[in-house]
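structure.csv (CSV, N, CA and C atoms and all ligand atoms) appears below.
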chain,number,residue,atom,x,y,z
A,1026,MET,N,91.3,70.5,111.4
A,1026,MET,CA,90.5,71.7,111.3
A,1026,MET,C,90.5,72.1,109.8
A,1027,LEU,N,89.4,72.5,109.3
A,1027,LEU,CA,89.2,72.8,107.9
A,1027,LEU,C,88.8,74.3,107.7
A,1028,ARG,N,89.4,75.0,106.7
A,1028,ARG,CA,89.0,76.3,106.3
A,1028,ARG,C,88.5,76.3,104.9
A,1029,LEU,N,87.3,76.8,104.6
A,1029,LEU,CA,86.7,76.7,103.3
A,1029,LEU,C,86.3,78.1,102.9
A,1030,ALA,N,86.6,78.4,101.6
A,1030,ALA,CA,86.1,79.7,101.1
A,1030,ALA,C,85.3,79.4,99.8
A,1031,TYR,N,84.2,80.2,99.7
A,1031,TYR,CA,83.4,80.1,98.4
A,1031,TYR,C,82.9,81.5,98.0
A,1032,VAL,N,82.4,81.5,96.8
A,1032,VAL,CA,81.6,82.7,96.4
A,1032,VAL,C,80.3,82.2,95.9
A,1033,SER,N,79.3,83.1,95.9
A,1033,SER,CA,78.0,82.8,95.4
A,1033,SER,C,77.3,84.1,95.0
A,1034,GLN,N,76.1,83.9,94.5
A,1034,GLN,CA,75.3,85.0,94.0
A,1034,GLN,C,74.0,85.0,94.8
A,1035,LEU,N,73.7,86.1,95.5
A,1035,LEU,CA,72.6,86.2,96.3
A,1035,LEU,C,71.3,86.2,95.5
A,1036,ASN,N,70.2,85.6,96.0
A,1036,ASN,CA,68.9,85.7,95.4
A,1036,ASN,C,68.5,87.2,95.5
A,1037,PRO,N,68.0,87.7,94.3
A,1037,PRO,CA,67.7,89.2,94.3
A,1037,PRO,C,66.6,89.6,95.3
A,1038,ASP,N,65.8,88.6,95.8
A,1038,ASP,CA,64.7,89.0,96.7
A,1038,ASP,C,65.3,89.2,98.2
A,1039,MET,N,66.6,89.0,98.3
A,1039,MET,CA,67.2,89.2,99.7
A,1039,MET,C,67.3,90.7,100.0
A,1040,THR,N,66.5,91.2,101.0
A,1040,THR,CA,66.6,92.6,101.4
A,1040,THR,C,67.8,92.8,102.4
A,1041,ASP,N,68.1,94.0,102.6
A,1041,ASP,CA,69.2,94.3,103.6
A,1041,ASP,C,68.8,93.7,105.0
A,1042,GLU,N,67.5,93.8,105.3
A,1042,GLU,CA,67.0,93.3,106.6
A,1042,GLU,C,67.1,91.7,106.6
A,1043,ARG,N,66.8,91.1,105.6
A,1043,ARG,CA,66.9,89.6,105.5
A,1043,ARG,C,68.3,89.2,105.6
A,1044,ILE,N,69.2,89.9,104.9
A,1044,ILE,CA,70.6,89.6,105.0
A,1044,ILE,C,71.2,89.8,106.4
A,1045,ALA,N,70.8,90.9,107.1
A,1045,ALA,CA,71.3,91.1,108.4
A,1045,ALA,C,70.8,90.0,109.3
A,1046,ARG,N,69.5,89.5,109.2
A,1046,ARG,CA,69.0,88.5,110.0
A,1046,ARG,C,69.7,87.2,109.7
A,1047,MET,N,70.0,86.9,108.5
A,1047,MET,CA,70.7,85.7,108.1
A,1047,MET,C,72.1,85.6,108.7
A,1048,ILE,N,72.8,86.7,108.7
A,1048,ILE,CA,74.1,86.7,109.3
A,1048,ILE,C,74.1,86.6,110.8
A,1049,GLU,N,73.1,87.2,111.4
A,1049,GLU,CA,72.9,87.1,112.9
A,1049,GLU,C,72.6,85.6,113.3
A,1050,GLU,N,71.7,85.0,112.5
A,1050,GLU,CA,71.4,83.6,112.8
A,1050,GLU,C,72.6,82.7,112.5
A,1051,ALA,N,73.4,83.0,111.5
A,1051,ALA,CA,74.6,82.2,111.2
A,1051,ALA,C,75.6,82.3,112.3
A,1052,ALA,N,75.8,83.6,112.8
A,1052,ALA,CA,76.7,83.8,113.9
A,1052,ALA,C,76.3,83.0,115.1
A,1053,SER,N,75.0,83.0,115.4
A,1053,SER,CA,74.6,82.3,116.7
A,1053,SER,C,74.7,80.8,116.5
A,1054,ALA,N,74.3,80.3,115.3
A,1054,ALA,CA,74.5,78.8,115.1
A,1054,ALA,C,76.0,78.4,115.1
A,1055,ASN,N,76.8,79.3,114.5
A,1055,ASN,CA,78.2,79.0,114.4
A,1055,ASN,C,78.8,78.9,115.8
A,1056,ALA,N,78.4,79.9,116.7
A,1056,ALA,CA,78.9,79.9,118.0
A,1056,ALA,C,78.6,78.6,118.8
A,1057,SER,N,77.5,78.0,118.5
A,1057,SER,CA,77.2,76.8,119.2
A,1057,SER,C,77.8,75.5,118.6
A,1058,HIS,N,78.4,75.7,117.4
A,1058,HIS,CA,79.1,74.6,116.7
A,1058,HIS,C,80.6,74.8,116.6
A,1059,GLY,N,81.1,75.8,117.2
A,1059,GLY,CA,82.5,76.1,117.2
A,1059,GLY,C,83.0,76.4,115.8
A,1060,VAL,N,82.1,77.0,115.0
A,1060,VAL,CA,82.5,77.5,113.6
A,1060,VAL,C,82.8,79.0,113.7
A,1061,THR,N,83.8,79.4,113.0
A,1061,THR,CA,84.2,80.8,112.9
A,1061,THR,C,84.3,81.2,111.5
A,1062,GLY,N,84.3,82.6,111.2
A,1062,GLY,CA,84.5,83.0,109.8
A,1062,GLY,C,84.1,84.4,109.5
A,1063,ILE,N,84.2,84.7,108.2
A,1063,ILE,CA,83.9,86.1,107.8
A,1063,ILE,C,83.1,86.0,106.5
A,1064,ILE,N,82.3,87.1,106.3
A,1064,ILE,CA,81.5,87.1,105.1
A,1064,ILE,C,81.5,88.5,104.5
A,1065,ALA,N,81.4,88.6,103.2
A,1065,ALA,CA,81.3,90.0,102.6
A,1065,ALA,C,80.2,89.9,101.5
A,1066,LEU,N,79.4,90.9,101.4
A,1066,LEU,CA,78.3,90.9,100.4
A,1066,LEU,C,78.4,92.3,99.7
A,1067,GLU,N,78.4,92.3,98.4
A,1067,GLU,CA,78.5,93.5,97.6
A,1067,GLU,C,77.6,93.3,96.4
A,1068,GLY,N,76.6,94.1,96.3
A,1068,GLY,CA,75.6,93.8,95.2
A,1068,GLY,C,75.0,92.4,95.5
A,1069,LEU,N,75.0,91.6,94.5
A,1069,LEU,CA,74.5,90.2,94.8
A,1069,LEU,C,75.6,89.3,95.1
A,1070,ARG,N,76.9,89.7,95.0
A,1070,ARG,CA,78.0,88.9,95.2
A,1070,ARG,C,78.2,88.5,96.7
A,1071,VAL,N,78.4,87.3,97.0
A,1071,VAL,CA,78.7,86.8,98.3
A,1071,VAL,C,80.1,86.1,98.3
A,1072,CYS,N,80.9,86.4,99.3
A,1072,CYS,CA,82.1,85.7,99.5
A,1072,CYS,C,82.2,85.3,101.0
A,1073,GLN,N,82.4,84.1,101.4
A,1073,GLN,CA,82.5,83.7,102.8
A,1073,GLN,C,83.6,82.7,103.0
A,1074,VAL,N,84.2,82.8,104.2
A,1074,VAL,CA,85.2,81.9,104.7
A,1074,VAL,C,84.7,81.3,106.0
A,1075,ILE,N,84.6,79.9,106.1
A,1075,ILE,CA,84.2,79.3,107.3
A,1075,ILE,C,85.3,78.3,107.7
A,1076,GLU,N,85.5,78.2,109.0
A,1076,GLU,CA,86.5,77.3,109.6
A,1076,GLU,C,86.0,76.6,110.8
A,1077,GLY,N,86.5,75.4,111.0
A,1077,GLY,CA,86.1,74.6,112.2
A,1077,GLY,C,86.5,73.2,112.0
A,1078,ASP,N,85.9,72.3,112.9
A,1078,ASP,CA,86.2,70.9,112.7
A,1078,ASP,C,85.7,70.4,111.3
A,1079,SER,N,86.4,69.5,110.7
A,1079,SER,CA,86.1,69.1,109.3
A,1079,SER,C,84.7,68.7,109.2
A,1080,ALA,N,84.2,67.8,110.1
A,1080,ALA,CA,82.8,67.3,110.0
A,1080,ALA,C,81.8,68.5,110.1
A,1081,ASP,N,82.1,69.4,111.0
A,1081,ASP,CA,81.2,70.6,111.1
A,1081,ASP,C,81.1,71.4,109.8
A,1082,ILE,N,82.3,71.6,109.3
A,1082,ILE,CA,82.4,72.5,108.0
A,1082,ILE,C,81.7,71.7,106.9
A,1083,ASP,N,82.0,70.4,106.8
A,1083,ASP,CA,81.3,69.7,105.7
A,1083,ASP,C,79.8,69.7,105.8
A,1084,ARG,N,79.3,69.6,107.0
A,1084,ARG,CA,77.9,69.6,107.2
A,1084,ARG,C,77.3,71.0,106.9
A,1085,LEU,N,78.0,72.0,107.4
A,1085,LEU,CA,77.5,73.4,107.2
A,1085,LEU,C,77.6,73.7,105.7
A,1086,PHE,N,78.6,73.3,105.0
A,1086,PHE,CA,78.7,73.7,103.6
A,1086,PHE,C,77.7,73.0,102.8
A,1087,SER,N,77.3,71.8,103.2
A,1087,SER,CA,76.2,71.2,102.4
A,1087,SER,C,74.9,71.8,102.7
A,1088,ASN,N,74.7,72.3,103.9
A,1088,ASN,CA,73.5,73.2,104.1
A,1088,ASN,C,73.5,74.4,103.3
A,1089,ILE,N,74.7,75.1,103.3
A,1089,ILE,CA,74.8,76.4,102.6
A,1089,ILE,C,74.6,76.2,101.1
A,1090,ARG,N,75.2,75.1,100.6
A,1090,ARG,CA,75.0,74.8,99.1
A,1090,ARG,C,73.5,74.6,98.8
A,1091,ALA,N,72.7,74.0,99.7
A,1091,ALA,CA,71.3,73.8,99.4
A,1091,ALA,C,70.4,74.9,99.7
A,1092,ASP,N,71.0,76.0,100.2
A,1092,ASP,CA,70.2,77.2,100.7
A,1092,ASP,C,69.7,78.0,99.5
A,1093,MET,N,68.3,78.2,99.3
A,1093,MET,CA,67.8,78.8,98.2
A,1093,MET,C,68.0,80.3,98.2
A,1094,ARG,N,68.5,80.9,99.3
A,1094,ARG,CA,68.8,82.3,99.3
A,1094,ARG,C,69.9,82.8,98.5
A,1095,HIS,N,70.7,81.8,97.9
A,1095,HIS,CA,71.8,82.1,97.0
A,1095,HIS,C,71.9,81.0,96.0
A,1096,ALA,N,72.7,81.2,95.0
A,1096,ALA,CA,72.9,80.2,93.9
A,1096,ALA,C,74.4,80.4,93.4
A,1097,ALA,N,74.7,79.7,92.3
A,1097,ALA,CA,76.0,79.8,91.6
A,1097,ALA,C,77.1,79.7,92.6
A,1098,ILE,N,77.0,78.7,93.5
A,1098,ILE,CA,78.0,78.6,94.5
A,1098,ILE,C,79.3,77.9,94.0
A,1099,ILE,N,80.4,78.6,94.2
A,1099,ILE,CA,81.7,78.1,93.7
A,1099,ILE,C,82.7,78.0,94.8
A,1100,GLU,N,83.1,76.7,95.1
A,1100,GLU,CA,84.1,76.5,96.2
A,1100,GLU,C,85.4,77.0,95.6
A,1101,LEU,N,86.1,77.9,96.4
A,1101,LEU,CA,87.3,78.5,95.9
A,1101,LEU,C,88.5,77.8,96.6
A,1102,ASP,N,88.4,77.4,97.8
A,1102,ASP,CA,89.5,76.9,98.5
A,1102,ASP,C,89.0,76.0,99.7
A,1103,ARG,N,89.7,74.9,99.9
A,1103,ARG,CA,89.4,74.0,101.1
A,1103,ARG,C,90.8,73.6,101.6
A,1104,MET,N,91.1,74.0,102.8
A,1104,MET,CA,92.4,73.8,103.3
A,1104,MET,C,92.4,73.2,104.7
A,1105,GLU,N,93.2,72.1,105.0
A,1105,GLU,CA,93.4,71.7,106.3
A,1105,GLU,C,94.3,72.7,107.0
A,1106,VAL,N,93.9,73.1,108.2
A,1106,VAL,CA,94.7,74.1,108.9
A,1106,VAL,C,94.9,73.7,110.3
A,1107,SER,N,96.0,74.2,111.0
A,1107,SER,CA,96.2,73.7,112.3
A,1107,SER,C,95.7,74.7,113.3
A,1108,ALA,N,95.4,76.0,112.9
A,1108,ALA,CA,94.8,77.0,113.8
A,1108,ALA,C,93.8,77.8,113.0
A,1109,ARG,N,92.9,78.4,113.8
A,1109,ARG,CA,91.9,79.3,113.2
A,1109,ARG,C,92.6,80.6,112.8
A,1110,ARG,N,92.0,81.2,111.8
A,1110,ARG,CA,92.5,82.6,111.4
A,1110,ARG,C,91.5,83.6,112.0
A,1111,TYR,N,90.3,83.2,112.3
A,1111,TYR,CA,89.3,84.2,112.8
A,1111,TYR,C,88.7,83.7,114.2
A,1112,PRO,N,89.5,83.5,115.2
A,1112,PRO,CA,89.0,82.8,116.4
A,1112,PRO,C,88.0,83.7,117.1
A,1113,ASP,N,88.0,85.0,116.9
A,1113,ASP,CA,87.1,85.9,117.7
A,1113,ASP,C,85.8,86.2,116.9
A,1114,TRP,N,85.6,85.6,115.7
A,1114,TRP,CA,84.4,86.0,114.9
A,1114,TRP,C,83.6,84.7,114.6
A,1115,SER,N,82.4,84.6,115.3
A,1115,SER,CA,81.6,83.4,114.9
A,1115,SER,C,81.0,83.6,113.5
A,1116,MET,N,80.8,84.8,113.1
A,1116,MET,CA,80.6,85.2,111.7
A,1116,MET,C,80.4,86.7,111.7
A,1117,VAL,N,81.3,87.4,111.0
A,1117,VAL,CA,81.3,88.9,110.9
A,1117,VAL,C,81.2,89.3,109.4
A,1118,ARG,N,80.4,90.3,109.2
A,1118,ARG,CA,80.3,90.9,107.9
A,1118,ARG,C,81.4,92.0,107.7
A,1119,LEU,N,82.2,91.9,106.7
A,1119,LEU,CA,83.2,92.8,106.4
A,1119,LEU,C,83.0,93.5,105.1
A,1120,PRO,N,83.5,94.7,104.8
A,1120,PRO,CA,83.6,95.2,103.5
A,1120,PRO,C,84.4,94.2,102.6
A,1121,MET,N,84.0,94.1,101.3
A,1121,MET,CA,84.6,93.1,100.4
A,1121,MET,C,86.1,93.3,100.4
A,1122,VAL,N,86.6,94.5,100.4
A,1122,VAL,CA,88.1,94.6,100.2
A,1122,VAL,C,88.8,94.1,101.5
A,1123,ASP,N,88.2,94.4,102.7
A,1123,ASP,CA,88.7,93.9,103.9
A,1123,ASP,C,88.7,92.4,104.0
A,1124,MET,N,87.6,91.8,103.5
A,1124,MET,CA,87.5,90.3,103.4
A,1124,MET,C,88.6,89.7,102.6
A,1125,VAL,N,88.9,90.4,101.5
A,1125,VAL,CA,90.0,89.9,100.6
A,1125,VAL,C,91.4,90.0,101.3
A,1126,LEU,N,91.6,91.1,102.0
A,1126,LEU,CA,92.8,91.3,102.8
A,1126,LEU,C,92.9,90.3,103.9
A,1127,HIS,N,91.8,90.0,104.6
A,1127,HIS,CA,91.8,89.0,105.6
A,1127,HIS,C,92.1,87.6,105.0
A,1128,ALA,N,91.4,87.3,103.9
A,1128,ALA,CA,91.6,86.0,103.3
A,1128,ALA,C,93.0,85.7,102.9
A,1129,TYR,N,93.7,86.8,102.5
A,1129,TYR,CA,95.1,86.7,102.2
A,1129,TYR,C,96.0,86.9,103.4
A,1130,ALA,N,95.4,87.0,104.5
A,1130,ALA,CA,96.1,87.2,105.8
A,1130,ALA,C,97.0,88.4,105.8
A,1131,VAL,N,96.6,89.5,105.1
A,1131,VAL,CA,97.3,90.7,105.1
A,1131,VAL,C,96.9,91.5,106.3
A,1132,LEU,N,95.6,91.4,106.7
A,1132,LEU,CA,95.1,92.2,107.9
A,1132,LEU,C,95.3,91.3,109.1
B,1201,LIG,C1,75.3,83.3,102.1
B,1201,LIG,C2,74.9,82.4,103.2
B,1201,LIG,C3,75.8,82.2,104.3
B,1201,LIG,C4,75.4,81.3,105.4
B,1201,LIG,N1,76.3,81.2,106.4
B,1201,LIG,C5,76.0,80.4,107.4
B,1201,LIG,C6,76.9,80.1,108.5
B,1201,LIG,O1,78.0,80.7,108.6
B,1201,LIG,N2,76.4,79.3,109.5
B,1201,LIG,C7,75.2,78.7,109.5
B,1201,LIG,O2,74.9,78.0,110.5
B,1201,LIG,N3,74.3,78.9,108.5
B,1201,LIG,C8,74.7,79.7,107.5
B,1201,LIG,N4,73.8,79.9,106.4
B,1201,LIG,C9,72.5,79.2,106.5
B,1201,LIG,C10,72.6,77.8,106.1
B,1201,LIG,O3,72.5,77.7,104.7
B,1201,LIG,C11,71.4,77.0,106.7
B,1201,LIG,O4,70.2,77.7,106.6
B,1201,LIG,C12,71.6,76.8,108.2
B,1201,LIG,O5,72.8,76.0,108.4
B,1201,LIG,C13,70.5,76.1,108.9
B,1201,LIG,O6,70.3,74.9,108.4
B,1201,LIG,P1,69.3,73.8,109.1
B,1201,LIG,O7,68.0,74.6,109.4
B,1201,LIG,O8,69.1,72.7,108.1
B,1201,LIG,O9,69.9,73.4,110.4
B,1201,LIG,C14,74.2,80.7,105.4
B,1201,LIG,C15,73.3,80.9,104.3
B,1201,LIG,C16,73.6,81.7,103.2
B,1201,LIG,C17,72.7,81.9,102.1
Since I need it in another form, could you write the structure as structure tokens?
Ligand SMILES: Cc1cc2nc3c(=O)[nH]c(=O)nc-3n(C[C@H](O)[C@H](O)[C@H](O)COP(=O)(O)O)c2cc1C
Amino acid sequence: MLRLAYVSQLNPDMTDERIARMIEEAASANASHGVTGIIALEGLRVCQVIEGDSADIDRLFSNIRADMRHAAIIELDRMEVSARRYPDWSMVRLPMVDMVLHAYAVL
């Protein structure tokens, strides 16, 4: 199982409504692929952690990298893990500070 974290810069034409729809669609696609994770957006800054089977995460991250809705994608961390950290979240939006606390497993 793989856990991957990255940051990116949202395309300025992304409205709150488009962001909300994108996260809804991500959550539903993730649920059908056994992917879980968390995302935070503040201004144009995006930070996301995704976890799941390695092949699923590799495939998803190459989709995410190619997605024109954001740019300046920087992979922060890629870690083989034995258990999920976010088993109950197919994708949830958190305030940035909560996402940082979750990423460091403080929460
Ligand atoms: C910031 C951001 C986060 C995304 N997170 C996910 C995600 O967690 N799961 C997902 O399936 N798609 C996510 N997407 C959408 C993917 O980039 C892509 O559109 C999606 O995997 C569908 O690809 P397909 O139409 O080629 O199957 C995200 C896109 C962006 C811009």
Atom N of His1095 of chain A to atom N of Asp1038 of chain A: how many Å, to one decimal?
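Here the two named atoms are 8.6 Å from each other.
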I'd like the contact shell of Tyr1111 of chain A - 8 Å cut-off, all atoms listed in the file, skipping same-chain residues fewer than 5 positions apart - returned as a list in words.
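Skipping anything fewer than 5 positions along the chain leaves Val1060, Thr1061, Gly1062, Ile1063 and Glu1076 of chain A.
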Pick from A:Val1125, A:Val1106, A:Ile1089, A:Leu1027: nearest to ligand LIG 1201 (chain B), with only N, CA and C atoms and all ligand atoms counted?
A:Ile1089
Taking a cut-off of 6 Å and counting only N, CA and C atoms and all ligand atoms, can you build a table that, for each residue of chain A near ligand LIG 1201 (chain B), reports the nearest atom pair and how far apart they are in Å (one decimal), sorted by chain then residue number, as JSON lines?
{"residue": "A:Glu1050", "atom": "C", "partner": "B:LIG1201", "partner_atom": "O2", "distance": 5.6}
{"residue": "A:Ala1051", "atom": "CA", "partner": "B:LIG1201", "partner_atom": "N2", "distance": 3.8}
{"residue": "A:Ala1052", "atom": "N", "partner": "B:LIG1201", "partner_atom": "N2", "distance": 5.5}
{"residue": "A:Ala1054", "atom": "CA", "partner": "B:LIG1201", "partner_atom": "O2", "distance": 4.7}
{"residue": "A:Asn1055", "atom": "N", "partner": "B:LIG1201", "partner_atom": "O2", "distance": 4.6}
{"residue": "A:Leu1085", "atom": "CA", "partner": "B:LIG1201", "partner_atom": "O5", "distance": 5.5}
{"residue": "A:Asn1088", "atom": "C", "partner": "B:LIG1201", "partner_atom": "O3", "distance": 3.7}
{"residue": "A:Ile1089", "atom": "CA", "partner": "B:LIG1201", "partner_atom": "O3", "distance": 3.4}
{"residue": "A:Arg1090", "atom": "N", "partner": "B:LIG1201", "partner_atom": "O3", "distance": 5.6}
{"residue": "A:Asp1092", "atom": "CA", "partner": "B:LIG1201", "partner_atom": "O3", "distance": 4.6}
{"residue": "A:Arg1094", "atom": "C", "partner": "B:LIG1201", "partner_atom": "C17", "distance": 4.6}
{"residue": "A:His1095", "atom": "N", "partner": "B:LIG1201", "partner_atom": "C17", "distance": 4.7}
Spatial neighbours of segment 1072-1075 of chain A, max dist 7 Å, all atoms listed in the file, sep filter under 2 positions, as number ranges by chain
A: 1027-1033, 1060-1067, 1070, 1077, 1082
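Coordinates place atom N of Ile1099 of chain A at a distance of 16.5 Å from atom CA of Met1124 of chain A.
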Between atom CA of Ile1098 of chain A and atom C of Ala1056 of chain A, what is the distance in Å, rounded to a tenth?
24.3 Å
